[in-house]
Every structure is written in structure tokens, then in C-alpha cells.
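structure-v4.txt, holding compact mmCIF, C-alpha atoms:
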# COMPACT_ATOMS: atom_id res chain seq x y z
CA MET J 1 -13.87 -25.36 -28.62
CA THR J 2 -12.34 -21.92 -28.82
CA LEU J 3 -13.57 -18.76 -27.20
CA PRO J 4 -14.79 -15.96 -29.47
CA GLU J 5 -12.45 -13.03 -30.02
CA THR J 6 -14.54 -10.61 -27.99
CA ILE J 7 -17.14 -11.30 -25.36
CA PRO J 8 -20.62 -11.56 -26.92
CA PHE J 9 -22.89 -8.54 -26.29
CA LEU J 10 -20.24 -6.59 -24.41
CA GLY J 11 -17.82 -5.78 -27.17
CA PHE J 12 -14.52 -6.11 -25.33
CA GLY J 13 -12.03 -8.94 -25.09
CA TRP J 14 -11.49 -11.51 -22.37
CA ASN J 15 -8.23 -9.94 -21.31
CA ASP J 16 -10.03 -6.63 -20.84
CA LEU J 17 -12.66 -8.27 -18.65
CA LEU J 18 -9.93 -9.97 -16.59
CA PHE J 19 -8.00 -6.72 -16.31
CA MET J 20 -11.02 -4.81 -15.06
CA MET J 21 -11.98 -7.54 -12.59
CA LEU J 22 -8.45 -7.83 -11.22
CA GLY J 23 -8.10 -4.05 -11.02
CA THR J 24 -11.35 -3.74 -9.10
CA VAL J 25 -10.35 -6.50 -6.71
CA MET J 26 -6.95 -4.90 -6.22
CA VAL J 27 -8.34 -1.45 -5.45
CA ILE J 28 -10.99 -2.81 -3.06
CA ALA J 29 -8.43 -4.95 -1.26
CA ALA J 30 -6.03 -2.00 -1.02
CA LEU J 31 -8.82 0.13 0.46
CA ALA J 32 -9.51 -2.68 2.92
CA VAL J 33 -5.83 -2.65 3.91
CA VAL J 34 -5.90 1.01 4.88
CA LEU J 35 -9.47 1.28 6.19
CA GLN J 36 -9.94 -1.99 8.09
CA LYS J 37 -10.12 -1.62 11.87
CA ASP J 38 -8.84 -5.11 12.60
CA ILE J 39 -5.20 -5.09 11.55
CA ILE J 40 -5.05 -8.86 11.02
CA ARG J 41 -7.80 -8.50 8.43
CA SER J 42 -5.94 -5.72 6.72
CA GLY J 43 -2.90 -7.99 6.59
CA LEU J 44 -5.02 -10.67 4.91
CA ALA J 45 -6.49 -8.10 2.51
CA MET J 46 -2.93 -7.20 1.55
CA ILE J 47 -2.45 -10.80 0.34
CA ILE J 48 -5.55 -10.49 -1.89
CA CYS J 49 -4.28 -7.17 -3.22
CA PHE J 50 -0.90 -8.67 -4.16
CA ALA J 51 -2.54 -11.71 -5.76
CA ALA J 52 -4.69 -9.49 -7.98
CA LEU J 53 -1.62 -7.45 -8.83
CA ALA J 54 0.21 -10.62 -9.87
CA GLY J 55 -2.67 -11.37 -12.23
CA ILE J 56 -2.36 -7.89 -13.72
CA TYR J 57 1.36 -8.52 -14.28
CA VAL J 58 0.47 -11.66 -16.23
CA ILE J 59 -1.96 -9.69 -18.42
CA ALA J 60 0.77 -7.11 -19.04
CA GLY J 61 2.97 -9.88 -20.39
CA THR J 62 5.49 -10.29 -17.57
CA PRO J 63 4.86 -13.72 -16.04
CA VAL J 64 8.29 -13.81 -14.38
CA VAL J 65 7.51 -10.70 -12.37
CA ALA J 66 4.12 -12.19 -11.48
CA ALA J 67 5.83 -15.31 -10.16
CA ALA J 68 8.28 -13.20 -8.19
CA GLU J 69 5.38 -11.14 -6.83
CA VAL J 70 3.69 -14.30 -5.55
CA LEU J 71 6.93 -15.66 -4.09
CA VAL J 72 8.26 -12.47 -2.51
CA TYR J 73 5.15 -10.57 -1.51
CA ILE J 74 2.58 -13.27 -0.79
CA GLY J 75 5.08 -15.86 0.33
CA ALA J 76 7.56 -13.81 2.31
CA ILE J 77 6.55 -10.23 3.09
CA SER J 78 2.91 -10.96 3.94
CA VAL J 79 3.92 -13.77 6.27
CA LEU J 80 6.52 -11.49 7.87
CA VAL J 81 3.91 -8.76 8.33
CA LEU J 82 1.38 -11.20 9.80
CA PHE J 83 4.02 -12.49 12.23
CA ALA J 84 4.83 -8.94 13.31
CA ILE J 85 1.12 -8.14 13.71
CA MET J 86 0.61 -11.13 15.95
CA LEU J 87 3.73 -10.31 17.98
CA THR J 88 2.55 -6.75 18.61
CA GLN J 89 -1.12 -7.35 19.32
CA SER J 90 -1.98 -6.38 22.85
CA LYS J 91 -4.80 -8.16 24.64
CA ALA J 92 -7.34 -5.39 24.09
CA PRO J 93 -6.41 -3.53 20.90
CA PRO J 94 -7.72 0.03 20.66
CA ARG J 95 -10.37 -0.57 18.07
CA ALA J 96 -11.97 2.85 18.08
CA LEU J 97 -9.02 5.03 17.17
CA VAL J 98 -7.51 3.41 14.10
CA PHE J 99 -6.56 6.69 12.48
CA GLN J 100 -4.49 9.65 13.52
CA THR J 101 -6.15 12.98 14.12
CA GLN J 102 -5.00 14.19 10.70
CA VAL J 103 -7.14 11.62 8.89
CA VAL J 104 -9.24 14.18 7.00
CA PRO J 105 -6.28 16.18 5.61
CA ALA J 106 -4.61 12.89 4.73
CA ALA J 107 -7.69 11.77 2.80
CA ILE J 108 -7.91 15.09 0.96
CA ALA J 109 -4.20 14.99 0.13
CA SER J 110 -4.33 11.47 -1.26
CA VAL J 111 -7.44 12.15 -3.34
CA ILE J 112 -5.70 15.21 -4.78
CA LEU J 113 -2.62 13.06 -5.46
CA ALA J 114 -4.69 10.45 -7.31
CA VAL J 115 -6.46 13.12 -9.38
CA LEU J 116 -3.14 14.80 -10.23
CA ILE J 117 -1.57 11.51 -11.33
CA GLY J 118 -4.64 10.75 -13.43
CA LEU J 119 -4.56 14.17 -15.09
CA VAL J 120 -0.86 13.90 -15.88
CA VAL J 121 -1.28 10.39 -17.29
CA VAL J 122 -4.24 11.34 -19.48
CA SER J 123 -2.77 14.59 -20.76
CA THR J 124 0.62 13.13 -21.68
CA ASN J 125 1.06 11.75 -25.16
CA TRP J 126 2.95 8.52 -24.61
CA PRO J 127 4.61 6.78 -27.57
CA GLN J 128 2.34 3.83 -27.12
CA GLN J 129 2.44 0.42 -28.72
CA VAL J 130 -0.51 -1.94 -28.68
CA THR J 131 1.07 -5.29 -29.30
CA THR J 132 2.61 -6.41 -26.07
CA GLN J 133 5.36 -8.94 -26.24
CA VAL J 134 5.89 -11.39 -23.42
CA ALA J 135 9.08 -10.73 -21.50
CA ALA J 136 10.63 -14.17 -21.63
CA ALA J 137 12.61 -15.52 -18.70
CA THR J 138 15.74 -15.90 -20.83
CA GLU J 139 15.65 -12.23 -21.82
CA ILE J 140 15.16 -11.15 -18.21
CA ALA J 141 18.07 -13.37 -17.20
CA LYS J 142 20.26 -11.81 -19.91
CA ALA J 143 19.30 -8.30 -18.83
CA LEU J 144 19.84 -9.13 -15.15
CA PHE J 145 23.25 -10.72 -15.57
CA ARG J 146 24.67 -8.56 -18.38
CA ASP J 147 23.36 -4.99 -18.16
CA TYR J 148 22.24 -5.03 -14.55
CA THR J 149 24.99 -7.08 -12.91
CA LEU J 150 26.10 -4.26 -10.61
CA PRO J 151 22.56 -3.51 -9.28
CA PHE J 152 22.08 -7.25 -8.81
CA GLU J 153 25.21 -7.53 -6.66
CA VAL J 154 24.36 -4.35 -4.74
CA VAL J 155 20.91 -5.72 -3.99
CA SER J 156 22.37 -8.98 -2.75
CA VAL J 157 24.65 -7.07 -0.37
CA LEU J 158 21.63 -4.98 0.69
CA LEU J 159 19.65 -8.14 1.47
CA LEU J 160 22.54 -9.55 3.50
CA ALA J 161 22.81 -6.29 5.45
CA ALA J 162 19.04 -6.26 5.99
CA VAL J 163 19.07 -9.81 7.35
CA VAL J 164 21.96 -9.09 9.73
CA GLY J 165 20.40 -5.79 10.77
CA GLY J 166 17.00 -7.36 11.33
CA VAL J 167 18.45 -10.05 13.55
CA PHE J 168 20.47 -7.45 15.48
CA LEU J 169 17.50 -5.13 15.98
CA ALA J 170 15.04 -7.80 17.01
CA LYS J 171 17.26 -9.79 19.36
CA ARG J 172 17.04 -9.22 23.07
CA GLU J 173 19.72 -7.33 24.93
CA ARG J 174 21.77 -9.50 27.26
CA GLY J 175 20.20 -9.68 30.69
CA GLU J 176 16.95 -8.14 29.53
CA THR J 177 13.94 -10.05 30.73
CA ASP J 178 10.48 -9.73 29.37
CA MET T 1 -20.74 2.20 -25.22
CA LEU T 2 -19.16 -0.75 -23.53
CA SER T 3 -17.05 -1.40 -26.62
CA ALA T 4 -15.04 1.67 -25.59
CA LEU T 5 -13.55 -0.69 -23.04
CA ASN T 6 -12.13 -2.84 -25.81
CA LEU T 7 -8.35 -3.27 -25.53
CA ILE T 8 -8.28 -1.59 -22.14
CA SER T 9 -5.84 -4.27 -21.06
CA GLN T 10 -3.50 -3.02 -23.80
CA ASN T 11 -3.84 0.60 -22.79
CA LEU T 12 -0.95 2.25 -20.98
CA ASN T 13 -3.20 4.90 -19.43
CA ALA T 14 -5.37 2.29 -17.71
CA TYR T 15 -2.34 0.71 -16.04
CA LEU T 16 -0.87 4.05 -15.01
CA ILE T 17 -4.16 5.29 -13.54
CA LEU T 18 -4.51 2.02 -11.64
CA ALA T 19 -0.98 2.47 -10.32
CA GLY T 20 -1.79 6.06 -9.34
CA ILE T 21 -4.88 4.97 -7.43
CA LEU T 22 -2.90 2.29 -5.62
CA PHE T 23 -0.16 4.79 -4.77
CA ALA T 24 -2.70 7.29 -3.43
CA ILE T 25 -4.34 4.61 -1.27
CA GLY T 26 -0.91 3.74 0.12
CA THR T 27 -0.20 7.40 0.81
CA PHE T 28 -3.46 7.74 2.69
CA GLY T 29 -2.72 4.67 4.79
CA PHE T 30 0.77 5.90 5.60
CA LEU T 31 -0.46 9.33 6.65
CA ALA T 32 -3.58 8.27 8.50
CA ARG T 33 -2.99 4.95 10.28
CA ARG T 34 -1.84 4.91 13.90
CA ASN T 35 -0.41 1.41 13.86
CA ALA T 36 3.24 1.24 12.78
CA ILE T 37 2.73 -2.10 11.01
CA ALA T 38 -0.25 -0.71 9.07
CA MET T 39 2.02 2.14 7.98
CA LEU T 40 4.59 -0.39 6.76
CA MET T 41 1.87 -2.23 4.84
CA SER T 42 0.91 1.06 3.19
CA ILE T 43 4.52 1.52 2.13
CA GLU T 44 4.38 -1.93 0.52
CA LEU T 45 1.28 -0.83 -1.40
CA MET T 46 3.10 2.26 -2.66
CA LEU T 47 6.12 0.21 -3.76
CA ASN T 48 3.81 -2.15 -5.64
CA ALA T 49 2.16 0.79 -7.38
CA VAL T 50 5.56 1.97 -8.59
CA ASN T 51 6.38 -1.54 -9.78
CA LEU T 52 3.11 -1.67 -11.72
CA ALA T 53 4.01 1.61 -13.42
CA PHE T 54 7.45 0.23 -14.36
CA ILE T 55 5.91 -2.91 -15.84
CA ALA T 56 3.32 -0.91 -17.77
CA PHE T 57 5.96 1.40 -19.23
CA GLY T 58 8.07 -1.58 -20.22
CA ALA T 59 5.21 -3.41 -21.88
CA PHE T 60 3.30 -0.66 -23.64
CA VAL T 61 5.65 2.20 -24.46
CA TYR T 62 7.25 1.92 -27.85
CA SER T 63 11.01 1.61 -27.84
CA ALA T 64 13.51 0.71 -30.53
CA ASP T 65 15.19 -1.61 -28.03
CA ALA T 66 13.71 -5.07 -28.37
CA HIS T 67 14.58 -6.04 -24.79
CA HIS T 68 12.66 -3.14 -23.35
CA ALA T 69 10.08 -5.23 -21.46
CA ALA T 70 12.78 -7.50 -20.03
CA GLN T 71 14.66 -4.50 -18.68
CA ALA T 72 11.51 -3.14 -17.02
CA SER T 73 10.97 -6.57 -15.45
CA THR T 74 14.55 -6.52 -14.18
CA ILE T 75 14.05 -3.15 -12.52
CA ALA T 76 10.80 -4.41 -10.97
CA LEU T 77 12.59 -7.47 -9.58
CA ILE T 78 15.30 -5.27 -8.05
CA VAL T 79 12.63 -3.03 -6.49
CA MET T 80 11.03 -6.15 -5.01
CA ALA T 81 14.32 -7.19 -3.39
CA ALA T 82 14.77 -3.70 -1.95
CA ALA T 83 11.18 -3.84 -0.64
CA ALA T 84 11.90 -7.15 1.05
CA ALA T 85 14.96 -5.65 2.76
CA GLU T 86 12.92 -2.63 3.84
CA ALA T 87 10.15 -4.81 5.27
CA THR T 88 12.66 -6.90 7.23
CA VAL T 89 14.38 -3.94 8.87
CA GLY T 90 11.17 -1.98 9.38
CA LEU T 91 9.37 -4.81 11.11
CA ALA T 92 12.44 -5.55 13.24
CA ILE T 93 12.49 -1.90 14.35
CA VAL T 94 8.77 -2.02 15.18
CA ILE T 95 9.22 -5.19 17.21
CA ALA T 96 12.23 -3.71 19.03
CA ILE T 97 10.25 -0.57 19.92
CA TYR T 98 7.24 -2.66 20.93
CA ARG T 99 9.42 -4.50 23.41
CA ASN T 100 10.23 -1.24 25.17
CA LYS T 101 7.02 0.72 24.81
CA LYS T 102 4.45 -2.13 24.78
CA THR T 103 2.45 -0.48 22.01
CA PRO T 104 2.51 -0.54 18.20
CA LEU T 105 0.85 2.88 17.93
CA VAL T 106 3.18 5.52 16.54
CA ASP T 107 1.59 8.49 18.32
CA GLU T 108 2.67 7.00 21.64
CA TYR T 109 6.32 6.91 20.56
CA ASP T 110 7.13 10.29 22.12
CA ALA T 111 10.52 9.62 23.72
CA MET T 112 12.20 12.30 21.61
CA LYS T 113 9.49 14.87 22.28
CA ARG T 114 9.64 14.88 26.07
I'd like the structure from this file rewritten - as C-alpha cells, please.
Amino acid sequence: MTLPETIPFLGFGWNDLLFMMLGTVMVIAALAVVLQKDIIRSGLAMIICFAALAGIYVIAGTPVVAAAEVLVYIGAISVLVLFAIMLTQSKAPPRALVFQTQVVPAAIASVILAVLIGLVVVSTNWPQQVTTQVAAATEIAKALFRDYTLPFEVVSVLLLAAVVGGVFLAKRERGETD
Amino acid sequence: MLSALNLISQNLNAYLILAGILFAIGTFGFLARRNAIAMLMSIELMLNAVNLAFIAFGAFVYSADAHHAAQASTIALIVMAAAAAEATVGLAIVIAIYRNKKTPLVDEYDAMKR
């Protein structure tokens, strides 16, 4: 049994439905990240946001980036953030004042930013193509190790420096007791 | 009317607007949250929005280069590695400050103001 080309009665394809659902989930989860009072819940909402984003990457035809998103963001960064949240939770977290005093200007500024980005995107005439090709892993590997060898090596040095720096920053001073 | 949504998943504008919304949400979180870790999470959201824009440009903008999408993916992967490094150092700094100040709230970090 094969699915019909477009969804019956709605007139758009299955990929479009998936894209809209994943986009909605991603935006709601991102809003939950910034608006949630309980910071552990906003950390968990961040995982949902990244998962939806990985799905959007698959629809855009880049499954390798989607896999890396799941591995790096959901697997590593979210766990790191959750660890840091649990290390810095005091017994009675201040639940009332989640936001700074400049919350209203910040909201206005970010709404203006979103509207500006939308206007620029809509008014620009991009040389668009409809048929998306899947970025195969072999092509990404060729690009990464031929054209982008120097950035690859620089990033590996950066990661090493970040690991050493993170250990240095987070370790206790000698003689310091907690 | 709903058929106007046909091929929205092949539309560059849809991806870019989604990325813009995500970036704006991240900006709001960075400007408005008091908790340093929530600010770092907002930065992650903004980095992801930029990555989404890269991927969308690679997939849906016409280019004579056949390996266009693969190059966009490569840039996105490098951005991810840089984001991982940033998260490591940022969280280590927050934990180091928390050990001294006993609070993760950035408006109580006023040692350079006094």
C-alpha cells in the first residue's frame, strides 16, 4: 500500500504536514525554554526543541546533520546543561523573579527582530530551487576533508582547548573547602 | 486555501522565517532571563537557528556547484562543534562563579560594580 501524493482533502503533501508539525513543536518548545519558571523543565523543553529541529533537518535533506544534532545537542549539550542546572540549584530557588527588570524592552526588541527578519526574507528574491537533493554522507566527508580541512583541524584544536579550559575552570583551588 | 501550503517543506522562505523566529526567541531569553544557565540555553537556541538557516540555504538555493548542500552541512557541523566548545567553557564558568557566589542569577554578580 502506498500513500497518496498529497493528503486527501487538505491539498498539501505529507512532508509539508510533517514540516508544519515539527516547526510548531519546535517553536512551542523554544518558547517553553525561555518562559518556563522551573529551569529543569526548560532544560527538558530544550531537548524537545532540538529533536524537532533534527526532524526538520531530515525534511531538508540533510540526514547527517540531523544525526549530528541528535548526538551533539541531545546527547551531549543537553546532558551537560542539565548537570549544570542540578549543580547550581539552591534549596529554595527564587521562583517569582525569573526575568530581569528589562523583560518588556527585551520582548519588544525580539518581536521587532523577528518581524524584521521575516520582512527581509519575504522581500528578497532568492534564486530558489524546488528539488532538494539529499546531502549524502560521502559528499559531506569529501567536503570536510578536502575543502574544509583547515577549519576541521582548527575546530579540533578548539575542542581540545575547551576541554582543558573547562576542567581548569571547574576544578577546585588547592586548599579550598566547600 | 489550504493547498497554498503545498510544498511548504520545499520553500526556502518557510525555513528562513522559522529560523528567524527561533533566533528571536533565543534573543529574548538571553536578554530577559536572570539565570546564567538559562541564558546559555538561549544562546544554544540562537546557534541552532543559524544552523537551520545554513541548511536551508544549502538545500534550497540554486547553485551551479553540485556539492552545495554538502558544503552547507559541513559548515553546520563545524558550527555544532564550536557550540559544544562554547557550552563546555560557559557552563564551567557558571559553575566556578556559583562556587564563590552561591547563586546562578546574573544580576547578583556585581563584584566589578562595587
Checklist entry - Using all atoms listed in the file, which residues sit within 12 Å of Arg41 (chain J) once same-chain residues fewer than 6 positions away are excluded, as a list in words? => result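 Here the qualifying residues turn out to be Ala29, Ala30, Leu31, Ala32, Val33, Val34, Leu35, Ile47, Ile48, Ser78, Val81, Leu82, Ile85 and Met86 of chain J; Ala38 of chain T.
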Next on the checklist: Could you list, as a list of chain:residue names, every residue within 8 Å of region 94-111 of chain J, counting all atoms listed in the file and ignoring same-chain residues fewer than 6 positions away?
Outcome noted: J:Lys37, J:Asp38, T:Ala24, T:Ile25, T:Thr27, T:Phe28, T:Leu31, T:Ala32, T:Arg33, T:Arg34, T:Asn35, T:Asp107
Residue contacts of Leu40 (chain T) (12 Å, all atoms listed in the file) excluding same-chain residues fewer than 2 positions away, as an mmCIF file with C-alpha atoms, in the frame of the given file:
data_model
loop_
_atom_site.group_PDB
_atom_site.id
_atom_site.type_symbol
_atom_site.label_atom_id
_atom_site.label_comp_id
_atom_site.auth_asym_id
_atom_site.auth_seq_id
_atom_site.Cartn_x
_atom_site.Cartn_y
_atom_site.Cartn_z
ATOM 1 C CA VAL J 33 -5.830 -2.650 3.910
ATOM 2 C CA VAL J 34 -5.900 1.010 4.880
ATOM 3 C CA ILE J 39 -5.200 -5.090 11.550
ATOM 4 C CA SER J 42 -5.940 -5.720 6.720
ATOM 5 C CA GLY J 43 -2.900 -7.990 6.590
ATOM 6 C CA MET J 46 -2.930 -7.200 1.550
ATOM 7 C CA ILE J 77 6.550 -10.230 3.090
ATOM 8 C CA SER J 78 2.910 -10.960 3.940
ATOM 9 C CA LEU J 80 6.520 -11.490 7.870
ATOM 10 C CA VAL J 81 3.910 -8.760 8.330
ATOM 11 C CA LEU J 82 1.380 -11.200 9.800
ATOM 12 C CA ALA J 84 4.830 -8.940 13.310
ATOM 13 C CA ILE J 85 1.120 -8.140 13.710
ATOM 14 C CA GLY T 26 -0.910 3.740 0.120
ATOM 15 C CA THR T 27 -0.200 7.400 0.810
ATOM 16 C CA GLY T 29 -2.720 4.670 4.790
ATOM 17 C CA PHE T 30 0.770 5.900 5.600
ATOM 18 C CA LEU T 31 -0.460 9.330 6.650
ATOM 19 C CA ARG T 33 -2.990 4.950 10.280
ATOM 20 C CA ARG T 34 -1.840 4.910 13.900
ATOM 21 C CA ASN T 35 -0.410 1.410 13.860
ATOM 22 C CA ALA T 36 3.240 1.240 12.780
ATOM 23 C CA ILE T 37 2.730 -2.100 11.010
ATOM 24 C CA ALA T 38 -0.250 -0.710 9.070
ATOM 25 C CA SER T 42 0.910 1.060 3.190
ATOM 26 C CA ILE T 43 4.520 1.520 2.130
ATOM 27 C CA GLU T 44 4.380 -1.930 0.520
ATOM 28 C CA LEU T 45 1.280 -0.830 -1.400
ATOM 29 C CA MET T 46 3.100 2.260 -2.660
ATOM 30 C CA LEU T 47 6.120 0.210 -3.760
ATOM 31 C CA ALA T 83 11.180 -3.840 -0.640
ATOM 32 C CA ALA T 84 11.900 -7.150 1.050
ATOM 33 C CA GLU T 86 12.920 -2.630 3.840
ATOM 34 C CA ALA T 87 10.150 -4.810 5.270
ATOM 35 C CA THR T 88 12.660 -6.900 7.230
ATOM 36 C CA VAL T 89 14.380 -3.940 8.870
ATOM 37 C CA GLY T 90 11.170 -1.980 9.380
ATOM 38 C CA LEU T 91 9.370 -4.810 11.110
ATOM 39 C CA ALA T 92 12.440 -5.550 13.240
ATOM 40 C CA ILE T 93 12.490 -1.900 14.350
ATOM 41 C CA VAL T 94 8.770 -2.020 15.180
ATOM 42 C CA PRO T 104 2.510 -0.540 18.200
ATOM 43 C CA VAL T 106 3.180 5.520 16.540
#
Next on the checklist: List as a list of chain:residue names the protein and nucleic acid residues near Ala14 (chain T), meaning an atom at most 12 Å away when all atoms listed in the file are counted, but skip any in the same chain fewer than 5 places from it.
Outcome noted: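 Contacts, in chain order: J:Asp16, J:Phe19, J:Met20, J:Gly23, J:Ile56, J:Ala60, J:Ile117, J:Gly118, J:Val121, J:Val122, T:Leu5, T:Asn6, T:Leu7, T:Ile8, T:Ser9, T:Ala19, T:Gly20, T:Ile21, T:Leu52, T:Ala53, T:Ala56, T:Phe57, T:Phe60.
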Selected residues, C-alpha atoms, written as an mmCIF file, in the frame of the given file, please.
data_model
loop_
_atom_site.group_PDB
_atom_site.id
_atom_site.type_symbol
_atom_site.label_atom_id
_atom_site.label_comp_id
_atom_site.auth_asym_id
_atom_site.auth_seq_id
_atom_site.Cartn_x
_atom_site.Cartn_y
_atom_site.Cartn_z
ATOM 1 C CA ASP J 16 -10.030 -6.630 -20.840
ATOM 2 C CA PHE J 19 -8.000 -6.720 -16.310
ATOM 3 C CA MET J 20 -11.020 -4.810 -15.060
ATOM 4 C CA GLY J 23 -8.100 -4.050 -11.020
ATOM 5 C CA ILE J 56 -2.360 -7.890 -13.720
ATOM 6 C CA ALA J 60 0.770 -7.110 -19.040
ATOM 7 C CA ILE J 117 -1.570 11.510 -11.330
ATOM 8 C CA GLY J 118 -4.640 10.750 -13.430
ATOM 9 C CA VAL J 121 -1.280 10.390 -17.290
ATOM 10 C CA VAL J 122 -4.240 11.340 -19.480
ATOM 11 C CA LEU T 5 -13.550 -0.690 -23.040
ATOM 12 C CA ASN T 6 -12.130 -2.840 -25.810
ATOM 13 C CA LEU T 7 -8.350 -3.270 -25.530
ATOM 14 C CA ILE T 8 -8.280 -1.590 -22.140
ATOM 15 C CA SER T 9 -5.840 -4.270 -21.060
ATOM 16 C CA ALA T 19 -0.980 2.470 -10.320
ATOM 17 C CA GLY T 20 -1.790 6.060 -9.340
ATOM 18 C CA ILE T 21 -4.880 4.970 -7.430
ATOM 19 C CA LEU T 52 3.110 -1.670 -11.720
ATOM 20 C CA ALA T 53 4.010 1.610 -13.420
ATOM 21 C CA ALA T 56 3.320 -0.910 -17.770
ATOM 22 C CA PHE T 57 5.960 1.400 -19.230
ATOM 23 C CA PHE T 60 3.300 -0.660 -23.640
#
